[in-house]
Each structure stands twice: as structure tokens, then as C-alpha cells.
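Chemist: As input, take entry-v6.cif (mmCIF, C-alpha atoms and all ligand atoms):
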data_query
#
loop_
_atom_site.group_PDB
_atom_site.id
_atom_site.type_symbol
_atom_site.label_atom_id
_atom_site.label_comp_id
_atom_site.auth_asym_id
_atom_site.auth_seq_id
_atom_site.Cartn_x
_atom_site.Cartn_y
_atom_site.Cartn_z
ATOM 1 C CA MET A 1 40.483 -35.879 7.892
ATOM 2 C CA ILE A 2 40.030 -39.598 8.333
ATOM 3 C CA ASP A 3 38.296 -41.106 11.351
ATOM 4 C CA PHE A 4 40.363 -44.253 11.763
ATOM 5 C CA HIS A 5 38.528 -45.876 14.655
ATOM 6 C CA THR A 6 34.743 -46.267 14.809
ATOM 7 C CA HIS A 7 32.036 -48.657 15.963
ATOM 8 C CA ILE A 8 29.482 -47.383 13.479
ATOM 9 C CA LEU A 9 28.462 -50.658 11.796
ATOM 10 C CA PRO A 10 25.015 -51.573 13.150
ATOM 11 C CA ASN A 11 24.360 -54.528 15.462
ATOM 12 C CA ILE A 12 27.764 -56.151 15.347
ATOM 13 C CA ASP A 13 29.507 -55.178 18.601
ATOM 14 C CA ASP A 14 28.986 -52.814 21.561
ATOM 15 C CA GLY A 15 28.762 -49.883 19.133
ATOM 16 C CA SER A 16 25.762 -48.756 17.091
ATOM 17 C CA SER A 17 22.635 -50.702 17.998
ATOM 18 C CA SER A 18 20.467 -49.594 15.067
ATOM 19 C CA LEU A 19 20.647 -48.393 11.504
ATOM 20 C CA ASP A 20 19.330 -44.968 12.523
ATOM 21 C CA MET A 21 22.073 -44.652 15.124
ATOM 22 C CA SER A 22 24.668 -45.545 12.475
ATOM 23 C CA TYR A 23 23.275 -42.859 10.153
ATOM 24 C CA ALA A 24 23.424 -40.276 12.951
ATOM 25 C CA MET A 25 27.006 -41.221 13.788
ATOM 26 C CA ILE A 26 28.137 -40.997 10.165
ATOM 27 C CA ASP A 27 26.421 -37.645 9.775
ATOM 28 C CA SER A 28 28.075 -36.338 12.918
ATOM 29 C CA VAL A 29 31.596 -37.517 11.991
ATOM 30 C CA LYS A 30 31.142 -35.986 8.539
ATOM 31 C CA LYS A 31 29.986 -32.630 9.920
ATOM 32 C CA GLN A 32 32.997 -32.621 12.242
ATOM 33 C CA GLY A 33 35.390 -32.694 9.309
ATOM 34 C CA ALA A 34 35.920 -36.299 8.209
ATOM 35 C CA ASP A 35 35.659 -37.224 4.540
ATOM 36 C CA SER A 36 36.664 -40.829 5.220
ATOM 37 C CA ILE A 37 35.716 -43.291 7.936
ATOM 38 C CA VAL A 38 37.299 -46.639 8.776
ATOM 39 C CA LEU A 39 34.756 -49.076 10.228
ATOM 40 C CA THR A 40 36.497 -51.063 12.977
ATOM 41 C CA PRO A 41 34.148 -53.429 14.844
ATOM 42 C CA HIS A 42 35.686 -55.446 17.685
ATOM 43 C CA TYR A 43 37.092 -58.873 16.931
ATOM 44 C CA TYR A 44 37.801 -61.295 19.827
ATOM 45 C CA PHE A 45 39.242 -64.667 18.829
ATOM 46 C CA ASP A 46 37.729 -66.453 21.849
ATOM 47 C CA ARG A 47 34.209 -65.394 20.859
ATOM 48 C CA GLU A 48 34.040 -66.224 17.159
ATOM 49 C CA SER A 49 36.015 -67.499 14.193
ATOM 50 C CA ILE A 50 37.492 -65.092 11.685
ATOM 51 C CA SER A 51 35.126 -66.398 8.996
ATOM 52 C CA ASP A 52 32.039 -65.901 11.212
ATOM 53 C CA PHE A 53 33.197 -62.375 12.045
ATOM 54 C CA ILE A 54 33.741 -61.541 8.379
ATOM 55 C CA SER A 55 30.318 -62.876 7.512
ATOM 56 C CA SER A 56 28.576 -60.789 10.250
ATOM 57 C CA ARG A 57 30.582 -57.744 9.194
ATOM 58 C CA LYS A 58 29.498 -58.221 5.601
ATOM 59 C CA ASP A 59 25.832 -58.376 6.665
ATOM 60 C CA ALA A 60 26.203 -55.250 8.818
ATOM 61 C CA LEU A 61 27.818 -53.368 5.924
ATOM 62 C CA LYS A 62 25.083 -54.506 3.549
ATOM 63 C CA LEU A 63 22.461 -53.139 5.938
ATOM 64 C CA LEU A 64 24.350 -49.857 6.335
ATOM 65 C CA LEU A 65 24.552 -49.383 2.558
ATOM 66 C CA SER A 66 21.007 -50.558 1.828
ATOM 67 C CA ASP A 67 19.453 -47.116 1.357
ATOM 68 C CA GLU A 68 20.795 -45.698 -1.900
ATOM 69 C CA ALA A 69 19.880 -42.083 -1.090
ATOM 70 C CA LYS A 70 21.585 -42.219 2.326
ATOM 71 C CA ARG A 71 24.583 -43.986 0.855
ATOM 72 C CA LYS A 72 25.197 -41.152 -1.587
ATOM 73 C CA GLN A 73 25.603 -38.758 1.345
ATOM 74 C CA PHE A 74 28.189 -40.903 3.133
ATOM 75 C CA PRO A 75 31.877 -40.064 3.295
ATOM 76 C CA ASP A 76 34.177 -42.782 1.880
ATOM 77 C CA LEU A 77 33.872 -45.879 4.050
ATOM 78 C CA PHE A 78 36.617 -48.463 4.580
ATOM 79 C CA LEU A 79 36.250 -51.837 6.239
ATOM 80 C CA GLY A 80 38.550 -53.031 9.012
ATOM 81 C CA ALA A 81 38.425 -54.425 12.533
ATOM 82 C CA GLU A 82 39.733 -53.688 16.006
ATOM 83 C CA VAL A 83 41.476 -56.953 16.752
ATOM 84 C CA ALA A 84 42.130 -57.712 20.431
ATOM 85 C CA LEU A 85 45.650 -59.149 20.628
ATOM 86 C CA PHE A 86 45.650 -62.863 21.383
ATOM 87 C CA PRO A 87 48.418 -65.438 21.895
ATOM 88 C CA MET A 88 49.879 -66.868 18.700
ATOM 89 C CA MET A 89 47.675 -64.684 16.528
ATOM 90 C CA SER A 90 50.451 -64.333 13.986
ATOM 91 C CA LYS A 91 50.258 -68.091 13.414
ATOM 92 C CA MET A 92 46.523 -68.102 12.878
ATOM 93 C CA LYS A 93 45.280 -69.008 9.416
ATOM 94 C CA ASP A 94 43.641 -66.110 7.595
ATOM 95 C CA ILE A 95 44.801 -63.503 10.117
ATOM 96 C CA GLU A 96 45.501 -61.101 7.224
ATOM 97 C CA LYS A 97 41.747 -61.062 6.509
ATOM 98 C CA LEU A 98 41.387 -58.785 9.530
ATOM 99 C CA CYS A 99 43.456 -56.051 7.870
ATOM 100 C CA ILE A 100 41.693 -52.970 6.482
ATOM 101 C CA ILE A 101 40.441 -54.422 3.207
ATOM 102 C CA GLY A 102 42.896 -53.885 0.369
ATOM 103 C CA THR A 103 45.775 -53.035 2.726
ATOM 104 C CA LYS A 104 48.343 -54.690 4.966
ATOM 105 C CA PHE A 105 47.402 -52.564 7.987
ATOM 106 C CA MET A 106 45.537 -54.062 10.948
ATOM 107 C CA MET A 107 44.167 -52.259 14.000
ATOM 108 C CA VAL A 108 45.302 -54.090 17.135
ATOM 109 C CA GLU A 109 43.959 -53.538 20.657
ATOM 110 C CA MET A 110 46.615 -54.335 23.259
ATOM 111 C CA PRO A 111 45.740 -56.179 26.511
ATOM 112 C CA TYR A 112 44.626 -53.988 29.421
ATOM 113 C CA GLY A 113 46.869 -55.652 32.030
ATOM 114 C CA LYS A 114 50.642 -55.375 32.139
ATOM 115 C CA TRP A 115 52.017 -56.623 28.821
ATOM 116 C CA SER A 116 54.240 -59.669 28.690
ATOM 117 C CA ARG A 117 57.259 -59.872 26.416
ATOM 118 C CA ALA A 118 55.283 -62.431 24.421
ATOM 119 C CA SER A 119 52.518 -59.882 23.751
ATOM 120 C CA ILE A 120 54.973 -57.359 22.380
ATOM 121 C CA ALA A 121 56.700 -60.102 20.359
ATOM 122 C CA GLU A 122 53.352 -61.085 18.860
ATOM 123 C CA VAL A 123 52.826 -57.527 17.584
ATOM 124 C CA ASP A 124 56.279 -57.710 16.013
ATOM 125 C CA ASN A 125 55.506 -61.125 14.481
ATOM 126 C CA LEU A 126 52.597 -59.671 12.509
ATOM 127 C CA TYR A 127 55.079 -57.538 10.644
ATOM 128 C CA THR A 128 57.992 -59.939 10.385
ATOM 129 C CA ARG A 129 55.918 -63.003 9.420
ATOM 130 C CA HIS A 130 53.145 -61.422 7.355
ATOM 131 C CA GLY A 131 54.251 -57.906 6.468
ATOM 132 C CA ILE A 132 51.209 -56.623 8.356
ATOM 133 C CA THR A 133 51.735 -53.233 9.984
ATOM 134 C CA PRO A 134 49.760 -53.126 13.238
ATOM 135 C CA ILE A 135 47.919 -49.900 14.038
ATOM 136 C CA ILE A 136 47.949 -49.746 17.826
ATOM 137 C CA ALA A 137 44.488 -48.598 18.906
ATOM 138 C CA HIS A 138 44.144 -45.757 21.453
ATOM 139 C CA ILE A 139 47.691 -45.841 22.842
ATOM 140 C CA GLU A 140 46.687 -43.432 25.638
ATOM 141 C CA ARG A 141 44.676 -46.158 27.377
ATOM 142 C CA PHE A 142 47.783 -48.209 28.091
ATOM 143 C CA ILE A 143 50.205 -45.630 29.418
ATOM 144 C CA ALA A 144 49.188 -45.993 33.083
ATOM 145 C CA SER A 145 49.066 -49.800 33.099
ATOM 146 C CA GLN A 146 52.581 -50.099 31.649
ATOM 147 C CA LYS A 147 54.130 -47.657 34.139
ATOM 148 C CA GLY A 148 57.415 -48.890 35.607
ATOM 149 C CA THR A 149 58.235 -50.930 32.486
ATOM 150 C CA ASP A 150 59.785 -50.100 29.139
ATOM 151 C CA ASN A 151 56.817 -51.684 27.320
ATOM 152 C CA ILE A 152 55.569 -48.491 25.676
ATOM 153 C CA GLU A 153 59.063 -47.651 24.399
ATOM 154 C CA SER A 154 59.495 -51.230 23.155
ATOM 155 C CA LEU A 155 56.202 -51.043 21.291
ATOM 156 C CA LEU A 156 56.994 -47.639 19.792
ATOM 157 C CA GLY A 157 60.287 -49.077 18.556
ATOM 158 C CA LEU A 158 58.514 -51.662 16.375
ATOM 159 C CA ASP A 159 57.142 -51.258 12.859
ATOM 160 C CA VAL A 160 53.751 -50.060 14.026
ATOM 161 C CA LEU A 161 51.507 -47.045 13.593
ATOM 162 C CA ILE A 162 50.047 -45.390 16.675
ATOM 163 C CA GLN A 163 46.437 -44.211 16.924
ATOM 164 C CA MET A 164 45.078 -41.854 19.569
ATOM 165 C CA ASN A 165 41.421 -41.202 20.352
ATOM 166 C CA CYS A 166 40.125 -37.674 19.945
ATOM 167 C CA GLY A 167 38.654 -37.990 23.472
ATOM 168 C CA ALA A 168 42.184 -38.222 24.858
ATOM 169 C CA ILE A 169 43.108 -35.017 23.082
ATOM 170 C CA GLU A 170 40.286 -33.195 24.830
ATOM 171 C CA LYS A 171 41.785 -30.736 27.263
ATOM 172 C CA LYS A 172 40.611 -32.239 30.553
ATOM 173 C CA PHE A 173 42.167 -35.636 29.770
ATOM 174 C CA PHE A 174 45.244 -34.402 27.990
ATOM 175 C CA ASN A 175 48.088 -35.232 30.354
ATOM 176 C CA ARG A 176 51.792 -34.687 29.831
ATOM 177 C CA THR A 177 52.452 -38.105 28.305
ATOM 178 C CA ASN A 178 49.669 -37.770 25.745
ATOM 179 C CA HIS A 179 50.811 -34.233 24.990
ATOM 180 C CA ASN A 180 54.386 -35.383 24.400
ATOM 181 C CA LEU A 181 53.300 -38.234 22.146
ATOM 182 C CA VAL A 182 51.543 -35.757 19.858
ATOM 183 C CA LYS A 183 54.236 -33.111 20.176
ATOM 184 C CA THR A 184 57.029 -35.481 19.201
ATOM 185 C CA GLY A 185 55.098 -36.716 16.178
ATOM 186 C CA ARG A 186 54.511 -40.199 17.609
ATOM 187 C CA ILE A 187 50.781 -40.118 16.911
ATOM 188 C CA ASP A 188 50.293 -41.323 13.352
ATOM 189 C CA LEU A 189 46.501 -41.518 13.205
ATOM 190 C CA ILE A 190 43.495 -40.236 15.130
ATOM 191 C CA GLY A 191 39.992 -41.604 15.530
ATOM 192 C CA THR A 192 36.838 -41.002 17.499
ATOM 193 C CA ASP A 193 36.297 -44.599 18.704
ATOM 194 C CA CYS A 194 32.643 -43.565 18.688
ATOM 195 C CA HIS A 195 30.170 -46.195 19.925
ATOM 196 C CA ASN A 196 26.858 -44.296 20.005
ATOM 197 C CA MET A 197 25.368 -40.782 20.051
ATOM 198 C CA THR A 198 25.302 -40.330 23.831
ATOM 199 C CA THR A 199 28.040 -41.686 26.090
ATOM 200 C CA ARG A 200 30.682 -42.272 23.411
ATOM 201 C CA LYS A 201 29.662 -40.011 20.584
ATOM 202 C CA PRO A 202 31.751 -38.742 17.650
ATOM 203 C CA ASN A 203 34.247 -36.057 18.686
ATOM 204 C CA MET A 204 36.476 -35.571 15.657
ATOM 205 C CA ASP A 205 36.038 -31.803 16.010
ATOM 206 C CA ILE A 206 37.719 -31.815 19.430
ATOM 207 C CA GLY A 207 40.812 -33.592 18.119
ATOM 208 C CA ILE A 208 41.074 -31.448 14.997
ATOM 209 C CA LYS A 209 40.667 -28.192 16.928
ATOM 210 C CA TYR A 210 43.072 -29.061 19.715
ATOM 211 C CA ILE A 211 45.844 -30.349 17.452
ATOM 212 C CA THR A 212 45.524 -27.318 15.175
ATOM 213 C CA ASN A 213 45.567 -24.831 18.057
ATOM 214 C CA HIS A 214 48.378 -26.418 20.062
ATOM 215 C CA PHE A 215 50.631 -28.085 17.513
ATOM 216 C CA GLY A 216 49.768 -26.258 14.303
ATOM 217 C CA ILE A 217 48.057 -27.175 11.083
ATOM 218 C CA SER A 218 51.256 -28.877 9.871
ATOM 219 C CA MET A 219 50.876 -31.564 12.580
ATOM 220 C CA LEU A 220 47.282 -32.147 11.546
ATOM 221 C CA ASN A 221 48.342 -32.369 7.896
ATOM 222 C CA GLU A 222 51.034 -34.888 8.786
ATOM 223 C CA ILE A 223 48.477 -37.107 10.564
ATOM 224 C CA ASP A 224 46.126 -36.760 7.601
ATOM 225 C CA LYS A 225 48.890 -37.644 5.128
ATOM 226 C CA CYS A 226 49.778 -40.780 7.076
ATOM 227 C CA GLY A 227 46.124 -41.836 6.959
ATOM 228 C CA ARG A 228 45.886 -41.237 3.205
ATOM 229 C CA ASP A 229 49.010 -43.381 2.698
ATOM 230 C CA VAL A 230 47.492 -46.225 4.738
ATOM 231 C CA LEU A 231 44.272 -46.107 2.686
ATOM 232 C CA LYS A 232 45.987 -45.591 -0.682
ATOM 233 C CA ASN A 233 45.050 -49.058 -1.972
ATOM 234 C CA ALA A 234 42.136 -49.745 0.364
ATOM 235 C CA SER A 235 38.704 -50.756 -0.945
ATOM 236 C CA ARG A 236 36.063 -48.019 -0.715
ATOM 237 C CA TYR A 237 32.406 -48.695 0.066
HETATM 238 FE FE FE B 301 37.328 -49.224 19.745
#
What is this file in C-alpha cells?
Ligand SMILES: [Fe+2]
Modeler:
Amino acid sequence: MIDFHTHILPNIDDGSSSLDMSYAMIDSVKKQGADSIVLTPHYYFDRESISDFISSRKDALKLLLSDEAKRKQFPDLFLGAEVALFPMMSKMKDIEKLCIIGTKFMMVEMPYGKWSRASIAEVDNLYTRHGITPIIAHIERFIASQKGTDNIESLLGLDVLIQMNCGAIEKKFFNRTNHNLVKTGRIDLIGTDCHNMTTRKPNMDIGIKYITNHFGISMLNEIDKCGRDVLKNASRY
């Protein structure tokens, strides 16, 4: 399986705070059944420029890959970002540089308040103006805040892929809406969204086990196939 959402790169966001923590996280995700990991540090346009972000990300990757012996044990790594949606982002120069490298797929984090029409339009603009397919990060986090609107349906109707966190698939959090999203095949990709080894640790095993037991191995295979298609031309590290 592919872990599509991680904060494993050291010292770049609120995720891993040391190289040793990054190693432990990679080891854990690997043991839980992932042969590929997409590195998706947060990007916020009001905090730094795209070029500064890319430069810090490059340094963090260099550090992560610095030990040859460790590197040989790693699953395939891919470089992306979790881009917080911002106004007019589709008009921003170099926005495509935030895609998973080698692809036209970009992980987008929707706003946490009620979405405006303009926010949803901006997601659509990424595809219509640039041919970038947004991967909507952890859809389950937005269900409650969009209640009473048709925002979720509108978003699902666009050319987007939908990612769910393995933590949301864990039994105690798995409500009817989340269940139905998986059941109806609306979840394209899964990820751990791991940030550390304590409060937000890797939990790929929970997602894999629950999907297999409740929806069958064919559902898991479908999610895996979608991920392989996304990463078909992606650069490996
Ligand atoms: Fe995240």
C-alpha cells in the first residue's frame, strides 16, 4: 500500500522534529504494510513563498537521505506537499511546483470553516486552468463543518481525488458518513497523516485491516491501484 499523507520530513513543519523521529516513522509505516510513502509537508502561502518552501523541503529531504545504509532500507519515497487552499491560488505563478514531483496531482487542504463558492471554484480552477488534479486531504475532517450545505457533494462532483486518514477508519471514529464514503467507492486514497511517534503516530495497519475486514480486499486493491496510477510517472527518492 501507499501512505499518501505524511509529515515525516524532519524539521520542516509541525511533523517530525528530528532525523531519528523520521527514521522511526518510516520504519513504522513500512512495518504496517506500506512500500511507498508520499512526503507531504504543510504549505501555507501566507507564511512563505513557493520557492522558499521548495528550498526548505529540498534541505529536509537531503538530511533524510543522508545516511546511505538507512536510505537503502526505506520504502520508495515521493515528494509532495499539503497545500492549504488560498484565494486565487490557481493564478499564482509556479503553483504546479507544489504537485507531487513528476505528476499533475496536488494535495489540497480545504479551509476549516464553512466553504464559500469561491473556495470550491478555486479547487475546480486548478484542474481547468492547469490540468492539476487536486487530492483533497482528509475529507472526513470537513463533513461536520459543511453540514446543511451541498458543499461536499459539489466538491465530490469535481475532477478531484479524495483522501481519507487511517485514523478516521478506526472503529471508534468511523461514523455513518465516513462508512458510506468508503462503501460507495468515493475514497480514492488513504494516508496516515502521521506527525510523530506519540500523539499522531503511523496507523496504516488500522486502515488496511478495517477496509479489508469490512469492505473486502477488492476495495483495498482498488485504493492501491488508484495510488499506483497517481505515482506512475512520479520521481522516486
Ligand atoms: Fe496533514
Chemist: Find, counting only C-alpha atoms and all ligand atoms, the residue in A:Asp52, A:Asp3, A:Asp159, A:Glu109 that gets nearest to ligand FE 301 (chain B).
Modeler: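 Comparing A:Asp52, A:Asp3, A:Asp159, A:Glu109 against ligand FE 301 (chain B), the winner is A:Glu109.
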Chemist: Suppose you want the space between CA of Ile206 (chain A) and CA of Met219 (chain A); what is it in Å?
Modeler: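 These atoms are spaced 14.8 Å apart.
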Chemist: So which residues are near ligand FE 301 (chain B), meaning at most 8 Å away with only C-alpha atoms and all ligand atoms counted, given back as a ChimeraX atom specification?
Modeler: /A:5-7,40-42,82,109,137-138,193-195
Chemist: Could you tell me how far CA of Ser235 (chain A) lies from CA of Thr133 (chain A), in Å and to one decimal?
Modeler: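 Value for the CA of Ser235 (chain A)-CA of Thr133 (chain A) distance: 17.2 Å.
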Chemist: Which is closest to Ile8 (chain A) among A:Asn233, A:Asn203, A:Asn196, A:Ser116, if we use only C-alpha atoms?
Modeler: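 Under the stated criterion, the closest residue is A:Asn196.
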Chemist: In terms of the shortest atom-to-atom distance over only C-alpha atoms, which of A:Ile139, A:Met89, A:Ala121, A:Leu158 is closest to Val182 (chain A)?
Modeler: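 Among the listed residues, A:Ile139 lies closest to Val182 (chain A).
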Chemist: When you get a chance, write out N, CA and C atoms for region 128-163 of chain A, as a compact mmCIF listing (two decimals), keeping the file's coordinate frame.
Modeler:
# COMPACT_ATOMS: atom_id res chain seq x y z
N THR A 128 56.88 -59.13 10.91
CA THR A 128 57.99 -59.94 10.38
C THR A 128 57.50 -61.19 9.64
N ARG A 129 56.40 -61.78 10.09
CA ARG A 129 55.92 -63.00 9.42
C ARG A 129 54.97 -62.73 8.26
N HIS A 130 54.20 -61.66 8.37
CA HIS A 130 53.14 -61.42 7.36
C HIS A 130 53.28 -60.09 6.62
N GLY A 131 54.18 -59.24 7.08
CA GLY A 131 54.25 -57.91 6.47
C GLY A 131 53.05 -57.04 6.82
N ILE A 132 52.36 -57.42 7.91
CA ILE A 132 51.21 -56.62 8.36
C ILE A 132 51.71 -55.56 9.32
N THR A 133 51.38 -54.30 9.04
CA THR A 133 51.74 -53.23 9.98
C THR A 133 50.59 -53.05 10.97
N PRO A 134 50.83 -53.34 12.25
CA PRO A 134 49.76 -53.13 13.24
C PRO A 134 49.53 -51.62 13.49
N ILE A 135 48.28 -51.26 13.59
CA ILE A 135 47.92 -49.90 14.04
C ILE A 135 47.49 -50.07 15.49
N ILE A 136 48.27 -49.56 16.41
CA ILE A 136 47.95 -49.75 17.83
C ILE A 136 46.81 -48.80 18.22
N ALA A 137 45.68 -49.39 18.58
CA ALA A 137 44.49 -48.60 18.91
C ALA A 137 44.67 -47.84 20.22
N HIS A 138 44.15 -46.64 20.27
CA HIS A 138 44.14 -45.76 21.45
C HIS A 138 45.30 -46.03 22.44
N ILE A 139 46.48 -45.63 22.03
CA ILE A 139 47.69 -45.84 22.84
C ILE A 139 47.55 -45.24 24.25
N GLU A 140 46.78 -44.14 24.35
CA GLU A 140 46.69 -43.43 25.64
C GLU A 140 46.09 -44.29 26.75
N ARG A 141 45.32 -45.32 26.37
CA ARG A 141 44.68 -46.16 27.38
C ARG A 141 45.66 -47.07 28.10
N PHE A 142 46.85 -47.21 27.55
CA PHE A 142 47.78 -48.21 28.09
C PHE A 142 48.96 -47.60 28.85
N ILE A 143 49.04 -46.29 28.82
CA ILE A 143 50.20 -45.63 29.42
C ILE A 143 50.29 -45.96 30.92
N ALA A 144 49.18 -45.79 31.63
CA ALA A 144 49.19 -45.99 33.08
C ALA A 144 49.50 -47.44 33.45
N SER A 145 48.89 -48.39 32.72
CA SER A 145 49.07 -49.80 33.10
C SER A 145 50.48 -50.31 32.82
N GLN A 146 51.22 -49.63 31.97
CA GLN A 146 52.58 -50.10 31.65
C GLN A 146 53.65 -49.32 32.42
N LYS A 147 53.20 -48.48 33.35
CA LYS A 147 54.13 -47.66 34.14
C LYS A 147 55.15 -48.54 34.86
N GLY A 148 56.39 -48.11 34.92
CA GLY A 148 57.42 -48.89 35.61
C GLY A 148 58.05 -49.94 34.71
N THR A 149 57.63 -50.00 33.45
CA THR A 149 58.24 -50.93 32.49
C THR A 149 58.71 -50.12 31.28
N ASP A 150 59.41 -50.80 30.38
CA ASP A 150 59.78 -50.10 29.14
C ASP A 150 58.89 -50.57 27.99
N ASN A 151 57.70 -51.10 28.34
CA ASN A 151 56.82 -51.68 27.32
C ASN A 151 56.38 -50.69 26.24
N ILE A 152 56.03 -49.47 26.67
CA ILE A 152 55.57 -48.49 25.68
C ILE A 152 56.71 -48.17 24.71
N GLU A 153 57.91 -47.96 25.25
CA GLU A 153 59.06 -47.65 24.40
C GLU A 153 59.34 -48.82 23.45
N SER A 154 59.25 -50.05 23.99
CA SER A 154 59.50 -51.23 23.16
C SER A 154 58.50 -51.27 22.00
N LEU A 155 57.25 -51.00 22.33
CA LEU A 155 56.20 -51.04 21.29
C LEU A 155 56.44 -49.95 20.24
N LEU A 156 56.77 -48.76 20.72
CA LEU A 156 56.99 -47.64 19.79
C LEU A 156 58.20 -47.88 18.89
N GLY A 157 59.09 -48.77 19.34
CA GLY A 157 60.29 -49.08 18.56
C GLY A 157 60.02 -50.08 17.43
N LEU A 158 58.83 -50.67 17.41
CA LEU A 158 58.51 -51.66 16.38
C LEU A 158 57.95 -50.98 15.12
N ASP A 159 57.77 -51.78 14.07
CA ASP A 159 57.14 -51.26 12.86
C ASP A 159 55.63 -51.23 13.07
N VAL A 160 55.18 -50.21 13.74
CA VAL A 160 53.75 -50.06 14.03
C VAL A 160 53.34 -48.62 13.76
N LEU A 161 52.05 -48.40 13.60
CA LEU A 161 51.51 -47.04 13.59
C LEU A 161 50.72 -46.88 14.90
N ILE A 162 50.67 -45.65 15.38
CA ILE A 162 50.05 -45.39 16.68
C ILE A 162 48.82 -44.51 16.47
N GLN A 163 47.69 -44.98 17.02
CA GLN A 163 46.44 -44.21 16.92
C GLN A 163 46.06 -43.67 18.30
